[in-house]
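Trainee: This is the content of work-v4.txt (compact mmCIF, C-alpha atoms and all ligand atoms):
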# COMPACT_ATOMS: atom_id res chain seq x y z
CA MET P 1 114.98 109.24 98.96
CA ARG P 2 114.01 105.61 99.06
CA LEU P 3 111.59 105.51 96.11
CA GLN P 4 113.35 107.89 93.74
CA GLY P 5 112.09 107.40 90.18
CA LYS P 6 109.66 104.65 91.14
CA LEU P 7 106.10 104.41 89.90
CA ALA P 8 103.64 103.40 92.61
CA LEU P 9 99.97 102.43 92.51
CA ILE P 10 98.00 102.57 95.75
CA THR P 11 94.45 101.24 95.79
CA GLY P 12 92.25 102.85 98.42
CA GLY P 13 94.51 105.87 98.62
CA THR P 14 91.90 108.55 99.11
CA THR P 15 91.64 108.29 102.90
CA GLY P 16 93.33 106.74 105.92
CA ILE P 17 96.40 104.55 105.58
CA GLY P 18 96.48 104.71 101.76
CA LEU P 19 96.35 108.52 101.79
CA ALA P 20 99.21 108.69 104.30
CA ALA P 21 101.19 106.22 102.17
CA ALA P 22 100.58 108.31 99.04
CA LYS P 23 102.10 111.35 100.73
CA LEU P 24 105.03 109.37 102.10
CA PHE P 25 105.79 107.56 98.84
CA HIS P 26 105.71 110.92 97.03
CA ALA P 27 108.03 112.48 99.63
CA GLU P 28 110.40 109.56 99.02
CA GLY P 29 110.54 110.34 95.30
CA ALA P 30 107.84 108.12 93.76
CA ARG P 31 105.31 109.08 91.13
CA VAL P 32 102.08 107.99 92.79
CA PHE P 33 98.67 106.97 91.48
CA VAL P 34 95.88 106.36 93.98
CA THR P 35 92.39 105.00 93.60
CA GLY P 36 89.16 105.39 95.45
CA ARG P 37 85.50 104.93 94.82
CA SER P 38 83.16 107.32 96.58
CA ALA P 39 82.67 110.72 94.95
CA ALA P 40 83.08 112.70 98.17
CA THR P 41 86.42 111.19 99.19
CA LEU P 42 87.71 111.29 95.60
CA ALA P 43 87.04 115.04 95.44
CA GLN P 44 88.63 115.64 98.83
CA ALA P 45 91.66 113.54 97.92
CA ARG P 46 92.10 115.40 94.61
CA ASP P 47 92.41 118.61 96.63
CA GLU P 48 94.64 117.15 99.30
CA LEU P 49 96.92 115.29 96.88
CA ARG P 50 97.31 118.03 94.28
CA GLY P 51 100.93 117.87 93.11
CA VAL P 52 101.45 114.72 95.19
CA ALA P 53 99.50 111.94 93.46
CA GLU P 54 97.09 111.38 90.62
CA VAL P 55 93.68 110.27 91.86
CA ILE P 56 91.74 107.75 89.76
CA GLU P 57 88.19 106.55 90.30
CA SER P 58 88.27 102.77 90.15
CA ASP P 59 86.25 100.12 91.96
CA ALA P 60 88.74 97.80 93.65
CA GLY P 61 86.26 94.93 93.57
CA ASP P 62 85.45 95.06 89.86
CA VAL P 63 87.81 92.90 87.78
CA PRO P 64 87.37 94.65 84.39
CA ALA P 65 87.86 98.02 86.17
CA ILE P 66 91.06 96.72 87.80
CA GLU P 67 92.39 95.58 84.44
CA ARG P 68 91.60 98.98 82.91
CA LEU P 69 93.30 100.69 85.84
CA VAL P 70 96.50 98.68 85.48
CA THR P 71 96.59 99.30 81.72
CA GLU P 72 96.05 103.03 82.29
CA VAL P 73 98.77 103.37 84.96
CA ALA P 74 101.21 101.23 82.95
CA LYS P 75 100.99 103.79 80.11
CA HIS P 76 103.02 106.11 82.38
CA GLY P 77 105.87 103.63 82.83
CA THR P 78 106.73 100.30 84.37
CA ILE P 79 104.95 99.84 87.67
CA ASP P 80 107.46 99.29 90.48
CA ILE P 81 105.22 99.30 93.56
CA ALA P 82 101.64 98.21 94.12
CA PHE P 83 100.16 98.84 97.55
CA LEU P 84 96.85 96.94 97.37
CA ASN P 85 95.18 98.54 100.32
CA ALA P 86 91.51 99.18 99.43
CA ALA P 87 89.07 97.30 101.62
CA ILE P 88 85.78 97.60 103.38
CA LEU P 89 85.00 96.73 106.95
CA HIS P 90 81.90 94.77 107.87
CA LYS P 91 80.36 94.19 111.26
CA GLY P 92 77.79 91.57 112.02
CA THR P 93 77.55 88.42 114.08
CA LEU P 94 76.96 85.10 112.33
CA SER P 95 73.19 85.41 112.81
CA ASP P 96 73.21 88.85 111.13
CA LEU P 97 75.03 87.80 107.96
CA ASP P 98 73.54 87.95 104.51
CA GLU P 99 74.86 86.74 101.18
CA ARG P 100 75.04 90.22 99.65
CA SER P 101 77.42 91.43 102.37
CA PHE P 102 79.60 88.37 101.85
CA ASP P 103 79.79 89.11 98.11
CA GLN P 104 80.61 92.79 98.70
CA VAL P 105 83.31 92.15 101.28
CA PHE P 106 84.94 89.34 99.37
CA ALA P 107 84.78 91.23 96.06
CA THR P 108 86.62 94.24 97.48
CA ASN P 109 88.92 92.58 99.99
CA VAL P 110 89.81 89.32 98.23
CA LYS P 111 88.77 89.12 94.57
CA GLY P 112 90.02 92.65 93.85
CA PRO P 113 93.58 92.27 95.17
CA LEU P 114 93.88 88.76 93.71
CA PHE P 115 92.96 89.92 90.21
CA ALA P 116 95.02 93.07 90.64
CA ILE P 117 98.09 90.91 91.27
CA ARG P 118 97.18 88.89 88.19
CA ALA P 119 96.95 92.04 86.07
CA LEU P 120 100.01 93.70 87.58
CA ALA P 121 102.49 90.82 87.42
CA PRO P 122 103.19 91.03 83.68
CA VAL P 123 103.68 94.81 83.72
CA MET P 124 105.74 95.22 86.88
CA SER P 125 109.45 95.79 86.92
CA ARG P 126 111.96 93.19 88.04
CA GLY P 127 112.67 94.11 91.66
CA GLY P 128 109.11 95.35 92.01
CA SER P 129 107.16 95.12 95.25
CA ILE P 130 103.55 94.26 95.98
CA VAL P 131 102.23 95.02 99.46
CA LEU P 132 98.83 93.70 100.51
CA THR P 133 97.00 95.25 103.44
CA SER P 134 95.54 92.52 105.61
CA SER P 135 94.62 93.02 109.27
CA ILE P 136 95.32 91.49 112.65
CA ASN P 137 91.63 90.51 112.56
CA ALA P 138 92.77 87.60 110.39
CA GLN P 139 94.42 86.19 113.52
CA LEU P 140 91.70 86.99 116.03
CA GLY P 141 88.27 85.62 116.85
CA MET P 142 86.77 89.04 117.48
CA PRO P 143 82.96 88.70 117.59
CA GLY P 144 81.10 90.29 114.70
CA THR P 145 84.02 90.16 112.27
CA SER P 146 83.60 86.83 110.47
CA LEU P 147 83.36 88.33 106.97
CA TYR P 148 86.09 90.92 107.42
CA ALA P 149 88.47 88.62 109.33
CA SER P 150 88.09 85.74 106.89
CA SER P 151 88.59 88.06 103.90
CA LYS P 152 91.83 89.32 105.45
CA ALA P 153 92.96 85.76 106.20
CA ALA P 154 92.41 84.88 102.55
CA LEU P 155 94.63 87.78 101.59
CA VAL P 156 97.49 86.48 103.73
CA SER P 157 97.24 83.18 101.90
CA ILE P 158 97.09 84.89 98.50
CA GLY P 159 100.19 86.88 99.43
CA ARG P 160 102.16 83.77 100.23
CA VAL P 161 101.22 81.99 97.00
CA ALA P 162 101.82 85.10 94.90
CA ALA P 163 105.23 85.53 96.56
CA ALA P 164 106.17 82.03 95.43
CA GLU P 165 104.83 82.45 91.91
CA LEU P 166 106.36 85.87 91.31
CA ALA P 167 109.74 85.28 92.94
CA PRO P 168 111.26 83.99 89.66
CA ARG P 169 110.32 87.34 88.09
CA GLY P 170 112.04 89.21 90.94
CA ILE P 171 108.77 90.62 92.28
CA ARG P 172 108.39 90.54 96.06
CA VAL P 173 104.97 90.14 97.66
CA ASN P 174 104.47 90.90 101.33
CA VAL P 175 101.53 91.42 103.64
CA LEU P 176 101.11 94.33 106.02
CA SER P 177 98.79 93.64 108.95
CA PRO P 178 97.88 96.73 110.95
CA GLY P 179 96.20 96.69 114.30
CA PRO P 180 93.57 99.27 115.28
CA THR P 181 94.46 102.56 113.59
CA ALA P 182 92.58 105.84 113.63
CA THR P 183 91.29 106.31 110.08
CA GLY P 184 87.52 106.57 110.23
CA ILE P 185 87.01 103.04 108.85
CA THR P 186 84.87 101.95 111.81
CA ALA P 187 82.64 105.03 111.45
CA LYS P 188 81.93 103.87 107.85
CA VAL P 189 80.07 100.86 109.32
CA GLY P 190 78.21 102.94 111.88
CA LEU P 191 80.45 102.42 114.91
CA ASP P 192 81.46 105.19 117.27
CA GLU P 193 85.10 105.41 116.15
CA ALA P 194 86.42 107.18 119.27
CA ALA P 195 84.72 104.72 121.64
CA THR P 196 85.75 101.70 119.53
CA LEU P 197 89.39 102.75 119.41
CA ALA P 198 89.44 103.65 123.11
CA HIS P 199 88.13 100.18 123.94
CA LEU P 200 90.65 98.48 121.63
CA ALA P 201 93.50 100.56 123.08
CA THR P 202 92.97 98.78 126.41
CA GLN P 203 94.02 95.53 124.66
CA ILE P 204 97.20 97.00 123.17
CA PRO P 205 100.43 96.68 125.19
CA LEU P 206 101.66 100.09 124.01
CA GLY P 207 98.44 101.51 125.46
CA ARG P 208 97.16 103.29 122.36
CA THR P 209 95.93 102.72 118.84
CA GLY P 210 98.08 103.33 115.78
CA GLU P 211 98.48 106.42 113.63
CA VAL P 212 98.24 106.25 109.85
CA ASP P 213 101.84 107.42 109.43
CA GLU P 214 103.09 104.53 111.55
CA VAL P 215 101.41 102.06 109.21
CA ALA P 216 102.43 103.98 106.09
CA ARG P 217 106.08 103.81 107.18
CA ALA P 218 105.83 100.03 107.38
CA ALA P 219 104.33 99.99 103.87
CA LEU P 220 107.25 102.14 102.69
CA PHE P 221 109.69 99.69 104.22
CA LEU P 222 108.13 96.73 102.40
CA ALA P 223 107.82 98.72 99.15
CA SER P 224 111.44 99.88 99.17
CA THR P 225 114.72 98.05 98.71
CA ASP P 226 115.14 98.22 102.50
CA ALA P 227 113.12 94.99 102.36
CA SER P 228 114.91 93.62 99.29
CA PHE P 229 115.40 90.15 100.83
CA MET P 230 111.84 89.83 102.16
CA THR P 231 109.03 88.10 100.34
CA GLY P 232 106.08 86.04 101.53
CA GLU P 233 106.36 87.85 104.87
CA GLU P 234 103.62 89.27 107.07
CA LEU P 235 104.60 92.44 108.88
CA VAL P 236 102.37 93.14 111.88
CA VAL P 237 102.05 96.74 113.07
CA ASP P 238 99.78 96.53 116.09
CA GLY P 239 101.50 97.94 119.20
CA GLY P 240 101.96 94.36 120.37
CA MET P 241 98.24 93.50 120.41
CA THR P 242 98.70 90.05 118.88
CA ARG P 243 102.38 89.63 119.72
CA VAL P 244 102.99 90.06 123.46
N1 LIG K 301 92.08 101.32 110.38
C1 LIG K 301 92.31 100.15 110.97
O1 LIG K 301 92.16 100.01 112.20
C2 LIG K 301 92.78 98.98 110.16
C3 LIG K 301 93.27 97.86 110.83
C4 LIG K 301 93.70 96.77 110.09
C5 LIG K 301 93.65 96.82 108.72
N2 LIG K 301 93.17 97.90 108.09
C6 LIG K 301 93.16 97.88 106.64
O2 LIG K 301 93.86 99.01 106.16
C7 LIG K 301 93.40 99.32 104.85
C8 LIG K 301 93.08 100.79 104.78
O3 LIG K 301 92.01 101.04 105.64
P1 LIG K 301 91.82 102.40 106.42
O4 LIG K 301 91.70 102.07 107.85
O5 LIG K 301 92.80 103.39 105.96
O6 LIG K 301 90.32 102.75 105.97
P2 LIG K 301 89.71 103.86 105.05
O7 LIG K 301 90.14 105.21 105.51
O8 LIG K 301 88.26 103.55 104.99
O9 LIG K 301 90.40 103.61 103.64
C9 LIG K 301 89.92 102.65 102.75
C10 LIG K 301 90.25 103.11 101.35
O10 LIG K 301 89.80 102.10 100.45
C11 LIG K 301 88.92 102.69 99.50
N3 LIG K 301 87.95 101.73 99.03
C12 LIG K 301 87.09 100.96 99.74
N4 LIG K 301 86.36 100.20 98.90
C13 LIG K 301 86.79 100.51 97.66
C14 LIG K 301 86.45 100.05 96.37
N5 LIG K 301 85.52 99.11 96.18
N6 LIG K 301 87.09 100.58 95.32
C15 LIG K 301 88.05 101.53 95.48
N7 LIG K 301 88.42 101.99 96.67
C16 LIG K 301 87.79 101.47 97.73
C17 LIG K 301 88.30 103.84 100.24
O11 LIG K 301 87.75 104.74 99.32
P3 LIG K 301 86.21 105.19 99.44
O12 LIG K 301 86.15 106.03 100.68
O13 LIG K 301 85.99 105.92 98.18
O14 LIG K 301 85.40 103.94 99.55
C18 LIG K 301 89.52 104.39 100.97
O15 LIG K 301 90.33 105.12 100.08
C19 LIG K 301 92.22 98.40 104.59
O16 LIG K 301 92.68 97.29 103.84
C20 LIG K 301 91.81 97.98 105.97
O17 LIG K 301 91.12 96.75 105.96
C21 LIG K 301 92.74 99.00 108.77
Please render this file's structure as structure tokens.

Mentor:
Amino acid sequence: MRLQGKLALITGGTTGIGLAAAKLFHAEGARVFVTGRSAATLAQARDELRGVAEVIESDAGDVPAIERLVTEVAKHGTIDIAFLNAAILHKGTLSDLDERSFDQVFATNVKGPLFAIRALAPVMSRGGSIVLTSSINAQLGMPGTSLYASSKAALVSIGRVAAAELAPRGIRVNVLSPGPTATGITAKVGLDEAATLAHLATQIPLGRTGEVDEVARAALFLASTDASFMTGEELVVDGGMTRV
């Protein structure tokens, strides 16, 4: 078991990649805390994760809430792993953008993880691991993704700086950048998920989109001592979409 005795916090762990990671981290021996925001997915996750993880309602874009969350989880022991995974997608071409959407996307996808790292650093164990979920959109000029893509690019930069600042404390910080993965995230912004993923699959050398377990296994790798000599790295899990 690769996470035996470890305490792990996963933000955005009520659905999709975070939910799969919660199950995997638990199976590998970790005590797992996950967060989410919407009442419906929180309730569903509490059922699905009974005996697997503790589910906490916490807005990943609200700095005081993040600080309360870290304090609460740290009462159960030293935090060894933080998988900062919560994010929202946004679709809209440049002419469609509005300031409110910018603030929402950047609060959840950038401000939240940045201040979470700030809150976590003093209470994490030496040898701890922070994994930030970015996206291959940070590397692409996909139309209609300017807010989402730029928020994920900011996260890559934050990861690199945090890796440098936390290295003296023995805390590794790495970025995980998935490609298109079937989670329902595109349906949350009104897209036809099946059609969107089918279209994206045509651009992926392996000829298909990813499964949540495939991304969760990469998160496990970065979280565990298997990646003990890796920090400041970006691990891309995209079936070759941006690589070949
Ligand atoms: N699926 C893909 O194709 C893909 C590709 C590249 C990167 N990613 C990234 O992978 C990560 C996981 O996404 P996913 O695809 O698994 O999507 P998902 O199923 O929508 O999961 C997102 C999770 O984040 C939570 N969340 C969103 N806003 C939150 C907030 N303000 N406070 C607390 N929790 C919040 C959601 O909870 P609620 O439902 O309660 O809001 C949910 O648990 C994200 O960072 C996403 O950008 C996904």

Trainee: Give me, as a tab-separated table, the closest atom pair and its distance (Å, one decimal) for every residue of chain P within a cut-off of 8 Å of ligand LIG 301 (chain K), counting only C-alpha atoms and all ligand atoms, rows sorted by chain and rising number.

Mentor:
residue	atom	partner	partner_atom	distance
P:Thr11	CA	K:LIG301	N7	6.1
P:Gly12	CA	K:LIG301	O10	3.3
P:Gly13	CA	K:LIG301	O15	4.5
P:Thr14	CA	K:LIG301	O15	3.9
P:Thr15	CA	K:LIG301	O7	4.3
P:Gly16	CA	K:LIG301	O5	3.4
P:Ile17	CA	K:LIG301	O5	3.8
P:Gly18	CA	K:LIG301	O5	5.7
P:Leu19	CA	K:LIG301	O15	7.1
P:Thr35	CA	K:LIG301	N7	5.9
P:Gly36	CA	K:LIG301	N7	3.7
P:Arg37	CA	K:LIG301	O13	3.5
P:Ser38	CA	K:LIG301	O13	3.5
P:Ala39	CA	K:LIG301	O13	6.7
P:Ala40	CA	K:LIG301	O13	7.4
P:Thr41	CA	K:LIG301	O12	5.4
P:Leu42	CA	K:LIG301	O13	6.2
P:Glu57	CA	K:LIG301	C15	7.2
P:Ser58	CA	K:LIG301	C15	5.5
P:Asp59	CA	K:LIG301	N6	3.5
P:Ala60	CA	K:LIG301	N6	3.6
P:Gly61	CA	K:LIG301	N5	5.0
P:Asp62	CA	K:LIG301	N5	7.5
P:Leu84	CA	K:LIG301	O16	7.7
P:Asn85	CA	K:LIG301	O16	4.5
P:Ala86	CA	K:LIG301	O10	3.5
P:Ala87	CA	K:LIG301	O16	4.2
P:Ile88	CA	K:LIG301	C12	5.1
P:Leu89	CA	K:LIG301	O17	6.2
P:Ala107	CA	K:LIG301	N5	7.9
P:Thr108	CA	K:LIG301	N5	5.2
P:Asn109	CA	K:LIG301	O16	7.2
P:Leu132	CA	K:LIG301	O16	7.9
P:Thr133	CA	K:LIG301	O16	4.8
P:Ser134	CA	K:LIG301	C5	5.6
P:Ser135	CA	K:LIG301	C4	3.9
P:Ile136	CA	K:LIG301	C4	6.1
P:Asn137	CA	K:LIG301	C4	7.0
P:Tyr148	CA	K:LIG301	O17	7.8
P:Lys152	CA	K:LIG301	O17	7.5
P:Ser177	CA	K:LIG301	C5	6.0
P:Pro178	CA	K:LIG301	C4	4.3
P:Gly179	CA	K:LIG301	C3	4.7
P:Pro180	CA	K:LIG301	O1	3.5
P:Thr181	CA	K:LIG301	O1	3.7
P:Ala182	CA	K:LIG301	N1	5.6
P:Thr183	CA	K:LIG301	O4	4.8
P:Gly184	CA	K:LIG301	O7	5.6
P:Ile185	CA	K:LIG301	O8	4.1
P:Thr186	CA	K:LIG301	N1	7.4
P:Lys188	CA	K:LIG301	O8	7.0
P:Gly210	CA	K:LIG301	O1	7.7
P:Val212	CA	K:LIG301	O5	7.3

Trainee: Closest to Ala149 (chain P) among P:Arg217, P:Lys91, P:Arg2, P:Arg169, using only C-alpha atoms?

Mentor: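 Nearest to Ala149 (chain P): P:Lys91.
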
Trainee: Given the choices P:Thr242, P:Thr231, P:Gln4, P:Ser95, which gets closest to Leu200 (chain P) if the distance is worked out from all atoms listed in the file?

Mentor: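 Closest to Leu200 (chain P) of all the choices is P:Thr242.
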
Trainee: My list of candidates is P:Val156, P:Ala162, P:Leu235, P:Val52. Which is closest to Ala121 (chain P) when distances are computed with all atoms listed in the file?

Mentor: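 Between P:Val156, P:Ala162, P:Leu235, P:Val52, the residue approaching Ala121 (chain P) most closely is P:Ala162.
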
Trainee: For CA of Leu3 (chain P) and CA of Ala223 (chain P), quote the distance in Å rounded to one decimal.

Mentor: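 Distance between the two atoms: 8.3 Å.
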
Trainee: Pick out the residues sitting within 12 Å of Lys75 (chain P), and hand them over as a short mmCIF file (atom, residue, chain, number, x, y, z; two decimals) with C-alpha atoms, in the frame of the given file; count only C-alpha atoms, and ignore anything fewer than 5 positions along from it in its own chain.

Mentor:
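Contents of around28.cif, freshly written:
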data_model
loop_
_atom_site.label_atom_id
_atom_site.label_comp_id
_atom_site.auth_asym_id
_atom_site.auth_seq_id
_atom_site.Cartn_x
_atom_site.Cartn_y
_atom_site.Cartn_z
CA LEU P 7 106.10 104.41 89.90
CA ARG P 68 91.60 98.98 82.91
CA LEU P 69 93.30 100.69 85.84
CA VAL P 70 96.50 98.68 85.48
CA VAL P 123 103.68 94.81 83.72
CA MET P 124 105.74 95.22 86.88
#

Trainee: Find the residue from P:Leu9, P:Ala198, P:Leu49, P:Ala22 that sits nearest to Glu72 (chain P); use all atoms listed in the file when measuring.

Mentor: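 Once distances to Glu72 (chain P) are computed over all atoms listed in the file, the minimum belongs to P:Leu9.
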
Trainee: Point out the residue among P:Asn174, P:Ser157, P:Thr225, P:Ser151 with the least atom-to-atom distance to Gln104 (chain P), counting only C-alpha atoms.

Mentor: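 Comparing P:Asn174, P:Ser157, P:Thr225, P:Ser151 against Gln104 (chain P), the winner is P:Ser151.
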
Trainee: So how far away is CA of Val244 (chain P) from CA of Gln139 (chain P), in Å?

Mentor: 13.7 Å

Trainee: So which one's closest to Val34 (chain P), P:Val175, P:Ala53, P:Ala154, P:Val189? Using all atoms listed in the file, please.

Mentor: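 The answer is P:Ala53, which sits nearest to Val34 (chain P).
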